[in-house]
Number of protein chains: 2
Amino acid sequence: MMKYKVAVIRVVTIEDEEKRSVHGRLIEKYVPEIETTSYSIPDQYSGVYDDETHAIAEKKVVELGIKLEKDFDGIIVSCAGDPGVEKLQAILRKPVVGAGHSLAMLAHNTGKKIGVLGIREEAPDALLSSLGDKISISKKIKNVNNTIELNTKAGEKNAVITAMEIEKEGVGVILLACTGMATTGISTKIKENIFIPVIDPVLAESLVMYSMLRLK
Amino acid sequence: MMKYKVAVIRVVTIEDEEKRSVHGRLIEKYVPEIETTSYSIPDQYSGVYDDETHAIAEKKVVELGIKLEKDFDGIIVSCAGDPGVEKLQAILRKPVVGAGHSLAMLAHNTGKKIGVLGIREEAPDALLSSLGDKISISKKIKNVNNTIELNTKAGEKNAVITAMEIEKEGVGVILLACTGMATTGISTKIKENIFIPVIDPVLAESLVMYSMLRLK
């Protein structure tokens, strides 16, 4: 099988190749037609968790994306905040997909009221700008402020509890607005405890990238 | 291979089963994991081409969709106007996908300025509501007023000419906003004559349905 070659940009610096490639391996599992290589932006060990870290990451993602274009069929920016995604889409000729846009696209198509679970109080702009008032509630996971704190036993427990609180508000679908939740199986734990559909950001970006690659 | 069972609703009455199934066969070609059965709404031989025919079709699509849900994994309303799609999404528990939303979702993700080619002067609401000012030009195919007139030699020629006019306006992608263009290979003819990406509505709905089915 000829596979699509996709670069995965992580917006947190991870030096260990195996750890850096966790999203990439998930993407390959979800869409076997895709083969990934994973890259980190430099010098950003706590990832993206506020406006400042988003802005800093954005520049690094754009620089990296421009360098990677020639060697890949597409680029996934594996973060629900989509830093650099729109800028890269405007510059590059190949598909550029972010988790935020992907969640928004798929959620929009459910036609349901949307709940957002993330690591910031507000839903990411990438979701707000296209979903607007379709988002009826957005919650930050209790006591979790970045992707590092998310990946702990306490982080996992609080993610499930906060997801259950969102479900009680009567939404029809929950978006996991931080790709960190896909990495450690928190996404699976949430799905086990929630009755309504839960959209995982890494699954979303995998499916949307596959669609964009198939469009040609 | 276990296939997803998808009902395809045509918003034009086609009594001949083979002709009615043309979109379904294309969907199966684009996504071999999907197996389709095609249905027409009754008593609407010229399809959907203005507000009145849209409103009439909407009721019929909703009635038909409700009846079909139990036998299928998902429902595609194969029309860029998406008649009944949002209403069905609100009622049903299975994925409901329209060509209009699908075009919008994929176009949004290209990040490019969008041109729309259709059989009405205005782009369909299903596109306008989510793409808004990202659509920089929308054109009606010259001398074509419905899907029947589209499927003629003259219709095909005018579709290509109008698409070339849209390309000259400097857009980055063209959406084919009538599924009738997929049926007869007009879509292929347009792609042969245009340099920028052209998004086919039946391909778009196929890919988006596949994504929605995979989300679970």
# chains A, B, ... in the order shown; residues from 1 in each chain; ligands from 1
>>> interface_residues(of="chain A", to="chain B", cutoff="6 Å", atoms="only C-alpha atoms", output="number ranges by chain")
A: 89-90, 105, 111, 207, 211
>>> write_last_selection(atoms="C-alpha atoms", output="tab-separated table (two decimals), in the first residue's frame")
chain	number	residue	atom	x	y	z
A	89	GLN	CA	-2.61	27.15	5.08
A	90	ALA	CA	-2.27	30.56	3.46
A	105	MET	CA	-15.62	20.67	11.50
A	111	GLY	CA	-25.85	19.34	14.64
A	207	LEU	CA	-9.82	11.82	9.87
A	211	SER	CA	-10.16	13.65	3.89
>>> residues_around(residues="region 47-54 of chain B", least_positions_apart="6", cutoff="7 Å", atoms="only C-alpha atoms", output="MDAnalysis selection string")
chainID B and resid 11:13 83 145:147
>>> atom_distance(atom1="CA of Val171 (chain A)", atom2="CA of Ile196 (chain A)")
8.2 Å
>>> select_by_dssp(residues="region 6-119 of chain A", states="strand (DSSP E or B)", output="number ranges by chain")
A: 6-10, 34-40, 74-77, 96-98, 114-118
>>> residues_around(residues="Ile9 (chain A)", least_positions_apart="6", cutoff="7 Å", atoms="only C-alpha atoms", output="list in words")
Ser38, Tyr39, Ser40, Ile76, Val77 and Ser78 of chain A
>>> closest_residue(among="B:Ile27, B:Leu175, B:Ala154, B:Ala163", to="Gly100 (chain B)", atoms="only C-alpha atoms")
B:Leu175
>>> select_by_dssp(residues="region 5-71 of chain A", states="helix (DSSP H, G or I)", output="VMD selection string")
chain A and resid 17 to 20 22 to 30 51 to 71
>>> write_last_selection(atoms="C-alpha atoms", output="mmCIF file, in the first residue's frame")
data_model
loop_
_atom_site.group_PDB
_atom_site.id
_atom_site.type_symbol
_atom_site.label_atom_id
_atom_site.label_comp_id
_atom_site.auth_asym_id
_atom_site.auth_seq_id
_atom_site.Cartn_x
_atom_site.Cartn_y
_atom_site.Cartn_z
ATOM 1 C CA GLU A 17 11.600 10.282 19.937
ATOM 2 C CA GLU A 18 9.238 7.593 21.112
ATOM 3 C CA LYS A 19 7.326 9.991 23.378
ATOM 4 C CA ARG A 20 7.283 12.660 20.675
ATOM 5 C CA VAL A 22 2.792 9.109 20.464
ATOM 6 C CA HIS A 23 0.294 11.237 18.491
ATOM 7 C CA GLY A 24 1.843 10.032 15.238
ATOM 8 C CA ARG A 25 1.400 6.388 16.226
ATOM 9 C CA LEU A 26 -2.247 7.069 17.129
ATOM 10 C CA ILE A 27 -2.804 8.787 13.769
ATOM 11 C CA GLU A 28 -1.329 5.735 11.985
ATOM 12 C CA LYS A 29 -3.597 3.463 14.012
ATOM 13 C CA TYR A 30 -6.703 5.512 13.155
ATOM 14 C CA ASP A 51 -1.966 33.566 24.830
ATOM 15 C CA GLU A 52 1.758 34.170 25.259
ATOM 16 C CA THR A 53 2.825 30.553 24.790
ATOM 17 C CA HIS A 54 0.396 30.318 21.849
ATOM 18 C CA ALA A 55 1.992 33.323 20.119
ATOM 19 C CA ILE A 56 5.520 32.022 20.704
ATOM 20 C CA ALA A 57 4.558 28.574 19.414
ATOM 21 C CA GLU A 58 2.874 30.033 16.350
ATOM 22 C CA LYS A 59 6.093 31.487 14.949
ATOM 23 C CA LYS A 60 7.974 28.257 15.563
ATOM 24 C CA VAL A 61 5.231 26.147 13.932
ATOM 25 C CA VAL A 62 5.182 28.340 10.823
ATOM 26 C CA GLU A 63 8.984 28.168 10.466
ATOM 27 C CA LEU A 64 8.991 24.406 10.916
ATOM 28 C CA GLY A 65 6.012 23.864 8.589
ATOM 29 C CA ILE A 66 7.647 25.814 5.763
ATOM 30 C CA LYS A 67 10.788 23.681 6.099
ATOM 31 C CA LEU A 68 8.840 20.397 6.159
ATOM 32 C CA GLU A 69 6.459 20.990 3.236
ATOM 33 C CA LYS A 70 8.674 19.620 0.476
ATOM 34 C CA ASP A 71 9.146 16.226 2.133
#
